[in-house]
>>> print(open('entry.cif').read())   # mmCIF, C-alpha atoms and all ligand atoms
data_entry
loop_
_atom_site.group_PDB
_atom_site.id
_atom_site.type_symbol
_atom_site.label_atom_id
_atom_site.label_comp_id
_atom_site.auth_asym_id
_atom_site.auth_seq_id
_atom_site.Cartn_x
_atom_site.Cartn_y
_atom_site.Cartn_z
ATOM 1 C CA MET A 1 26.219 -27.524 -4.601
ATOM 2 C CA ALA A 2 25.146 -28.438 -1.093
ATOM 3 C CA GLN A 3 22.038 -26.678 0.088
ATOM 4 C CA THR A 4 21.054 -26.425 3.702
ATOM 5 C CA SER A 5 17.666 -26.024 5.190
ATOM 6 C CA HIS A 6 17.577 -23.867 8.283
ATOM 7 C CA CYS A 7 15.205 -25.026 10.889
ATOM 8 C CA MET A 8 15.237 -22.133 13.289
ATOM 9 C CA THR A 9 13.027 -22.251 16.303
ATOM 10 C CA ILE A 10 11.801 -19.640 18.729
ATOM 11 C CA ALA A 11 12.290 -20.478 22.421
ATOM 12 C CA ASP A 12 9.119 -21.219 24.405
ATOM 13 C CA ASP A 13 9.990 -18.522 26.936
ATOM 14 C CA ASP A 14 10.673 -15.845 24.328
ATOM 15 C CA PRO A 15 9.201 -12.609 25.770
ATOM 16 C CA ARG A 16 7.591 -11.785 22.436
ATOM 17 C CA TYR A 17 4.998 -14.488 23.140
ATOM 18 C CA GLU A 18 3.804 -12.488 26.124
ATOM 19 C CA GLU A 19 3.471 -9.382 23.945
ATOM 20 C CA LEU A 20 1.494 -11.372 21.420
ATOM 21 C CA ARG A 21 -0.779 -12.747 24.150
ATOM 22 C CA SER A 22 -1.487 -9.233 25.449
ATOM 23 C CA PHE A 23 -2.205 -8.070 21.920
ATOM 24 C CA ILE A 24 -4.685 -10.906 21.327
ATOM 25 C CA ASN A 25 -6.341 -10.381 24.717
ATOM 26 C CA SER A 26 -6.777 -6.682 24.021
ATOM 27 C CA HIS A 27 -9.164 -7.584 21.183
ATOM 28 C CA GLU A 28 -12.554 -8.304 22.672
ATOM 29 C CA ASN A 29 -14.077 -8.829 19.261
ATOM 30 C CA LYS A 30 -12.502 -12.040 18.019
ATOM 31 C CA ASN A 31 -13.908 -11.667 14.477
ATOM 32 C CA GLY A 32 -10.996 -11.496 12.114
ATOM 33 C CA ILE A 33 -8.553 -12.148 14.944
ATOM 34 C CA ALA A 34 -6.605 -14.708 12.888
ATOM 35 C CA MET A 35 -5.437 -12.137 10.350
ATOM 36 C CA THR A 36 -4.765 -9.479 12.992
ATOM 37 C CA ALA A 37 -2.839 -11.852 15.263
ATOM 38 C CA LEU A 38 -0.743 -13.190 12.384
ATOM 39 C CA GLN A 39 0.150 -9.647 11.320
ATOM 40 C CA GLU A 40 1.211 -8.755 14.847
ATOM 41 C CA ALA A 41 3.171 -12.003 15.189
ATOM 42 C CA GLN A 42 5.058 -11.313 11.980
ATOM 43 C CA ASN A 43 5.862 -7.798 13.215
ATOM 44 C CA LEU A 44 7.211 -9.275 16.431
ATOM 45 C CA PHE A 45 9.063 -12.359 15.150
ATOM 46 C CA GLY A 46 9.795 -11.396 11.541
ATOM 47 C CA TYR A 47 8.288 -14.653 10.262
ATOM 48 C CA LEU A 48 5.687 -17.244 11.194
ATOM 49 C CA PRO A 49 7.033 -20.708 12.007
ATOM 50 C CA LEU A 50 4.868 -23.618 13.179
ATOM 51 C CA GLU A 51 5.358 -22.852 16.869
ATOM 52 C CA VAL A 52 3.929 -19.354 16.424
ATOM 53 C CA HIS A 53 0.897 -20.781 14.604
ATOM 54 C CA LYS A 54 0.398 -23.212 17.510
ATOM 55 C CA PHE A 55 0.586 -20.382 20.025
ATOM 56 C CA ILE A 56 -1.936 -18.226 18.150
ATOM 57 C CA SER A 57 -4.246 -21.213 17.757
ATOM 58 C CA LYS A 58 -4.144 -21.883 21.504
ATOM 59 C CA GLU A 59 -4.771 -18.242 22.385
ATOM 60 C CA THR A 60 -7.535 -17.583 19.864
ATOM 61 C CA GLY A 61 -9.208 -20.973 19.416
ATOM 62 C CA VAL A 62 -8.705 -20.698 15.649
ATOM 63 C CA PRO A 63 -7.554 -24.100 14.270
ATOM 64 C CA ILE A 64 -3.931 -24.273 13.063
ATOM 65 C CA ALA A 65 -5.056 -25.368 9.581
ATOM 66 C CA GLU A 66 -7.173 -22.235 9.290
ATOM 67 C CA LEU A 67 -4.263 -20.042 10.370
ATOM 68 C CA TYR A 68 -1.984 -21.719 7.826
ATOM 69 C CA GLY A 69 -4.650 -21.117 5.200
ATOM 70 C CA VAL A 70 -4.394 -17.379 5.872
ATOM 71 C CA THR A 71 -0.575 -17.426 6.002
ATOM 72 C CA THR A 72 -0.170 -19.233 2.722
ATOM 73 C CA PHE A 73 -2.859 -17.229 0.919
ATOM 74 C CA TYR A 74 -1.373 -13.798 1.574
ATOM 75 C CA SER A 75 2.094 -13.139 0.180
ATOM 76 C CA GLN A 76 2.796 -10.632 2.959
ATOM 77 C CA PHE A 77 3.332 -13.547 5.359
ATOM 78 C CA ASN A 78 6.577 -15.529 5.554
ATOM 79 C CA THR A 79 6.861 -18.933 7.159
ATOM 80 C CA GLU A 80 10.650 -18.846 6.805
ATOM 81 C CA PRO A 81 13.006 -16.223 8.196
ATOM 82 C CA ARG A 82 13.853 -13.505 5.679
ATOM 83 C CA GLY A 83 17.296 -12.063 5.244
ATOM 84 C CA LYS A 84 18.163 -8.431 5.912
ATOM 85 C CA HIS A 85 18.932 -8.057 2.189
ATOM 86 C CA GLN A 86 16.679 -9.436 -0.545
ATOM 87 C CA ILE A 87 18.527 -10.584 -3.657
ATOM 88 C CA GLN A 88 16.386 -10.728 -6.802
ATOM 89 C CA ILE A 89 18.019 -12.508 -9.719
ATOM 90 C CA CYS A 90 16.155 -11.829 -12.923
ATOM 91 C CA MET A 91 15.270 -15.025 -14.771
ATOM 92 C CA GLY A 92 13.258 -13.223 -17.468
ATOM 93 C CA THR A 93 13.912 -14.084 -21.100
ATOM 94 C CA ALA A 94 16.427 -11.333 -21.901
ATOM 95 C CA CYS A 95 18.451 -12.051 -18.779
ATOM 96 C CA TYR A 96 18.161 -15.792 -19.222
ATOM 97 C CA VAL A 97 19.590 -15.592 -22.732
ATOM 98 C CA LYS A 98 22.500 -13.499 -21.441
ATOM 99 C CA GLY A 99 23.411 -15.917 -18.624
ATOM 100 C CA ALA A 100 21.020 -15.429 -15.690
ATOM 101 C CA GLN A 101 21.458 -19.064 -14.684
ATOM 102 C CA LYS A 102 25.195 -18.487 -14.241
ATOM 103 C CA VAL A 103 24.425 -15.453 -12.081
ATOM 104 C CA LEU A 104 22.065 -17.514 -9.961
ATOM 105 C CA ASP A 105 24.581 -20.352 -9.667
ATOM 106 C CA LYS A 106 27.338 -17.959 -8.643
ATOM 107 C CA VAL A 107 25.205 -16.267 -5.987
ATOM 108 C CA SER A 108 24.107 -19.667 -4.631
ATOM 109 C CA GLU A 109 27.650 -20.996 -4.637
ATOM 110 C CA THR A 110 29.002 -17.875 -2.919
ATOM 111 C CA LEU A 111 26.328 -17.823 -0.221
ATOM 112 C CA GLY A 112 25.816 -21.583 0.111
ATOM 113 C CA VAL A 113 22.028 -21.347 -0.232
ATOM 114 C CA GLY A 114 19.606 -21.848 -3.094
ATOM 115 C CA VAL A 115 16.559 -19.967 -4.342
ATOM 116 C CA GLY A 116 14.020 -19.121 -1.673
ATOM 117 C CA MET A 117 16.554 -19.685 1.081
ATOM 118 C CA THR A 118 18.144 -17.401 3.632
ATOM 119 C CA THR A 119 21.774 -17.513 4.725
ATOM 120 C CA PRO A 120 22.363 -18.806 8.283
ATOM 121 C CA ASP A 121 23.465 -15.311 9.391
ATOM 122 C CA GLN A 122 20.118 -14.009 8.042
ATOM 123 C CA LEU A 123 21.916 -11.428 5.933
ATOM 124 C CA PHE A 124 20.622 -12.523 2.506
ATOM 125 C CA THR A 125 17.588 -14.234 1.008
ATOM 126 C CA VAL A 126 18.024 -15.444 -2.577
ATOM 127 C CA ASN A 127 15.045 -15.012 -4.898
ATOM 128 C CA ALA A 128 14.498 -15.732 -8.591
ATOM 129 C CA ALA A 129 12.510 -12.911 -10.180
ATOM 130 C CA ARG A 130 10.607 -12.278 -13.385
ATOM 131 C CA CYS A 131 11.629 -9.403 -15.631
ATOM 132 C CA LEU A 132 12.855 -6.538 -13.476
ATOM 133 C CA GLY A 133 12.140 -4.023 -16.233
ATOM 134 C CA CYS A 134 15.675 -3.202 -17.301
ATOM 135 C CA CYS A 135 16.270 -5.827 -19.991
ATOM 136 C CA GLY A 136 18.796 -3.598 -21.791
ATOM 137 C CA LEU A 137 21.127 -4.151 -18.826
ATOM 138 C CA SER A 138 20.817 -7.941 -18.731
ATOM 139 C CA PRO A 139 21.731 -10.076 -16.969
ATOM 140 C CA VAL A 140 20.502 -8.164 -13.964
ATOM 141 C CA MET A 141 20.361 -8.717 -10.236
ATOM 142 C CA MET A 142 18.876 -6.459 -7.588
ATOM 143 C CA ILE A 143 19.852 -6.346 -3.946
ATOM 144 C CA ASP A 144 17.109 -4.466 -2.135
ATOM 145 C CA ASP A 145 16.644 -1.337 -4.323
ATOM 146 C CA GLU A 146 20.094 -1.471 -5.904
ATOM 147 C CA VAL A 147 20.404 -2.713 -9.510
ATOM 148 C CA TYR A 148 23.527 -4.636 -10.608
ATOM 149 C CA ALA A 149 23.711 -4.776 -14.394
ATOM 150 C CA ASN A 150 25.633 -6.611 -17.105
ATOM 151 C CA LEU A 151 26.660 -9.434 -14.827
ATOM 152 C CA ALA A 152 27.641 -11.845 -17.617
ATOM 153 C CA ASP A 153 31.088 -11.892 -16.012
ATOM 154 C CA VAL A 154 30.001 -13.503 -12.774
ATOM 155 C CA SER A 155 33.443 -13.219 -11.198
ATOM 156 C CA GLU A 156 32.484 -9.822 -9.747
ATOM 157 C CA ILE A 157 29.536 -11.223 -7.795
ATOM 158 C CA PRO A 158 31.452 -12.330 -4.656
ATOM 159 C CA ALA A 159 32.883 -8.809 -4.271
ATOM 160 C CA ILE A 160 29.389 -7.297 -4.565
ATOM 161 C CA LEU A 161 28.084 -9.584 -1.821
ATOM 162 C CA ASP A 162 31.129 -8.922 0.338
ATOM 163 C CA ARG A 163 30.318 -5.222 0.385
ATOM 164 C CA TYR A 164 27.018 -6.005 2.129
ATOM 165 C CA ARG A 165 28.767 -8.328 4.564
ATOM 166 C CA GLU A 166 31.295 -5.629 5.424
ATOM 167 C CA LYS A 167 28.552 -3.058 5.986
ATOM 168 C CA ALA A 168 26.812 -5.475 8.360
ATOM 169 C CA GLN A 169 29.868 -5.800 10.620
HETATM 170 S S1 LIG B 1 14.412 -9.956 -18.532
HETATM 171 FE FE1 LIG B 1 15.726 -9.354 -16.949
HETATM 172 S S2 LIG B 1 15.278 -7.262 -16.723
HETATM 173 FE FE2 LIG B 1 13.912 -7.916 -18.225
#
>>> encode(input="entry.cif", output="structure tokens")
Amino acid sequence: MAQTSHCMTIADDDPRYEELRSFINSHENKNGIAMTALQEAQNLFGYLPLEVHKFISKETGVPIAELYGVTTFYSQFNTEPRGKHQIQICMGTACYVKGAQKVLDKVSETLGVGVGMTTPDQLFTVNAARCLGCCGLSPVMMIDDEVYANLADVSEIPAILDRYREKAQ
């Protein structure tokens, strides 16, 4: 299956940069500004690509490497855009034995993206998960808070995903 990597960029004149600059400038005490600025940037942009790190570095004087150190250490930060809906495909033992790989393959094939990736319309991000705690229903997939159970027959997966697409229109 072909997988694509989305290299989305944020325009230099995006007004959110001005908001971020004001936010940084409103903090006279620059101790801990890296963490605070990254949190605000993620609130504004939804994720933290390289260009946002560069901007924060320029505005705060904190080296880019240091900012990336914070971003990669804390799981709350995303360097890639996240989809509106988070798909968790359980790859725990019980689900694996019952065909989790087929579920994952079907989701990837249907959406055209692999694990850890987001669809170009930013509707879905595909994630592989550890045991989701409902092994009796394996193989299991969750979309946001919704559990989809007994998915050994993967033919129903496209229809499940379509329902989210329809809701988004
Ligand atoms: S192994 Fe999948 S829910 Fe437990």
>>> residues_near_point(input="entry.cif", point="(-2.0, -4.8, 20.4)", cutoff="12 Å", atoms="only C-alpha atoms", output="PDB file with C-alpha atoms, keeping the file's coordinate frame")
ATOM      1  CA  GLU A  18       3.804 -12.488  26.124  1.00  0.00           C
ATOM      2  CA  GLU A  19       3.471  -9.382  23.945  1.00  0.00           C
ATOM      3  CA  LEU A  20       1.494 -11.372  21.420  1.00  0.00           C
ATOM      4  CA  ARG A  21      -0.779 -12.747  24.150  1.00  0.00           C
ATOM      5  CA  SER A  22      -1.487  -9.233  25.449  1.00  0.00           C
ATOM      6  CA  PHE A  23      -2.205  -8.070  21.920  1.00  0.00           C
ATOM      7  CA  ILE A  24      -4.685 -10.906  21.327  1.00  0.00           C
ATOM      8  CA  ASN A  25      -6.341 -10.381  24.717  1.00  0.00           C
ATOM      9  CA  SER A  26      -6.777  -6.682  24.021  1.00  0.00           C
ATOM     10  CA  HIS A  27      -9.164  -7.584  21.183  1.00  0.00           C
ATOM     11  CA  GLU A  28     -12.554  -8.304  22.672  1.00  0.00           C
ATOM     12  CA  ILE A  33      -8.553 -12.148  14.944  1.00  0.00           C
ATOM     13  CA  THR A  36      -4.765  -9.479  12.992  1.00  0.00           C
ATOM     14  CA  ALA A  37      -2.839 -11.852  15.263  1.00  0.00           C
ATOM     15  CA  LEU A  38      -0.743 -13.190  12.384  1.00  0.00           C
ATOM     16  CA  GLN A  39       0.150  -9.647  11.320  1.00  0.00           C
ATOM     17  CA  GLU A  40       1.211  -8.755  14.847  1.00  0.00           C
ATOM     18  CA  ALA A  41       3.171 -12.003  15.189  1.00  0.00           C
ATOM     19  CA  ASN A  43       5.862  -7.798  13.215  1.00  0.00           C
ATOM     20  CA  LEU A  44       7.211  -9.275  16.431  1.00  0.00           C
TER      21      LEU A  44
END
>>> resolve_selection(input="entry.cif", expression="the PyMOL selection byres (((chain A and resi 165) around 12) and not hetatm)", output="number ranges by chain")
A: 84-85, 111, 119, 121-124, 158-164, 166-169
>>> write_last_selection(input="entry.cif", atoms="C-alpha atoms", output="PDB file, keeping the file's coordinate frame")
ATOM      1  CA  LYS A  84      18.163  -8.431   5.912  1.00  0.00           C
ATOM      2  CA  HIS A  85      18.932  -8.057   2.189  1.00  0.00           C
ATOM      3  CA  LEU A 111      26.328 -17.823  -0.221  1.00  0.00           C
ATOM      4  CA  THR A 119      21.774 -17.513   4.725  1.00  0.00           C
ATOM      5  CA  ASP A 121      23.465 -15.311   9.391  1.00  0.00           C
ATOM      6  CA  GLN A 122      20.118 -14.009   8.042  1.00  0.00           C
ATOM      7  CA  LEU A 123      21.916 -11.428   5.933  1.00  0.00           C
ATOM      8  CA  PHE A 124      20.622 -12.523   2.506  1.00  0.00           C
ATOM      9  CA  PRO A 158      31.452 -12.330  -4.656  1.00  0.00           C
ATOM     10  CA  ALA A 159      32.883  -8.809  -4.271  1.00  0.00           C
ATOM     11  CA  ILE A 160      29.389  -7.297  -4.565  1.00  0.00           C
ATOM     12  CA  LEU A 161      28.084  -9.584  -1.821  1.00  0.00           C
ATOM     13  CA  ASP A 162      31.129  -8.922   0.338  1.00  0.00           C
ATOM     14  CA  ARG A 163      30.318  -5.222   0.385  1.00  0.00           C
ATOM     15  CA  TYR A 164      27.018  -6.005   2.129  1.00  0.00           C
ATOM     16  CA  GLU A 166      31.295  -5.629   5.424  1.00  0.00           C
ATOM     17  CA  LYS A 167      28.552  -3.058   5.986  1.00  0.00           C
ATOM     18  CA  ALA A 168      26.812  -5.475   8.360  1.00  0.00           C
ATOM     19  CA  GLN A 169      29.868  -5.800  10.620  1.00  0.00           C
TER      20      GLN A 169
END
>>> residues_near_ligand(input="entry.cif", ligand="ligand LIG 1 (chain B)", cutoff="9 Å", atoms="all atoms listed in the file", output="PyMOL selection string")
chain A and resi 89-97+100+129-141
>>> residues_around(input="entry.cif", residues="Pro81 of chain A", least_positions_apart="3", cutoff="9 Å", atoms="all atoms listed in the file", output="PyMOL selection string")
chain A and resi 6+8+45-49+78+117-118+122+125
>>> axis_aligned_box(input="entry.cif", around="segment 102-105 of chain A", padding_each_side="8 Å", output="JSON")
{"center_x": 23.6, "center_y": -17.9, "center_z": -12.0, "size_x": 19.1, "size_y": 20.9, "size_z": 20.6}
>>> atom_distance(input="entry.cif", atom1="atom CA of Pro120 of chain A", atom2="atom CA of Gln86 of chain A")
14.1 Å
>>> atom_distance(input="entry.cif", atom1="atom CA of Phe55 of chain A", atom2="atom CA of Asp12 of chain A")
9.6 Å
>>> atom_distance(input="entry.cif", atom1="atom CA of Ala128 of chain A", atom2="atom CA of Gln88 of chain A")
5.6 Å
>>> closest_residue(input="entry.cif", among="A:Val126, A:Pro63, A:Gly114, A:Lys106", to="Leu151 of chain A", atoms="only C-alpha atoms")
A:Lys106
>>> closest_residue(input="entry.cif", among="A:Tyr17, A:Asp144, A:Asn29, A:Asp153", to="Lys54 of chain A", atoms="only C-alpha atoms")
A:Tyr17
>>> residues_near_point(input="entry.cif", point="(-7.4, -16.2, 11.1)", cutoff="7 Å", atoms="only C-alpha atoms", output="list in words")
Gly32, Ile33, Ala34, Met35, Val62, Glu66, Leu67 and Val70 of chain A
>>> decode(input="entry.cif", residues="segment 53-72 of chain A", atoms="C-alpha atoms", output="short mmCIF file (atom, residue, chain, number, x, y, z; two decimals), in the first residue's frame")
data_model
loop_
_atom_site.label_atom_id
_atom_site.label_comp_id
_atom_site.auth_asym_id
_atom_site.auth_seq_id
_atom_site.Cartn_x
_atom_site.Cartn_y
_atom_site.Cartn_z
CA HIS A 53 9.91 26.06 16.67
CA LYS A 54 12.03 28.54 14.67
CA PHE A 55 9.62 31.36 15.44
CA ILE A 56 9.57 30.62 19.18
CA SER A 57 13.35 30.34 19.21
CA LYS A 58 13.70 33.75 17.56
CA GLU A 59 11.21 35.38 19.93
CA THR A 60 12.50 33.83 23.15
CA GLY A 61 16.21 33.26 22.49
CA VAL A 62 15.80 29.60 23.46
CA PRO A 63 17.78 27.40 21.01
CA ILE A 64 15.70 25.27 18.62
CA ALA A 65 17.36 22.08 19.88
CA GLU A 66 16.24 22.90 23.41
CA LEU A 67 12.68 23.53 22.24
CA TYR A 68 12.65 20.23 20.35
CA GLY A 69 13.92 18.54 23.50
CA VAL A 70 10.82 19.76 25.34
CA THR A 71 8.47 18.87 22.46
CA THR A 72 9.74 15.33 22.11
#
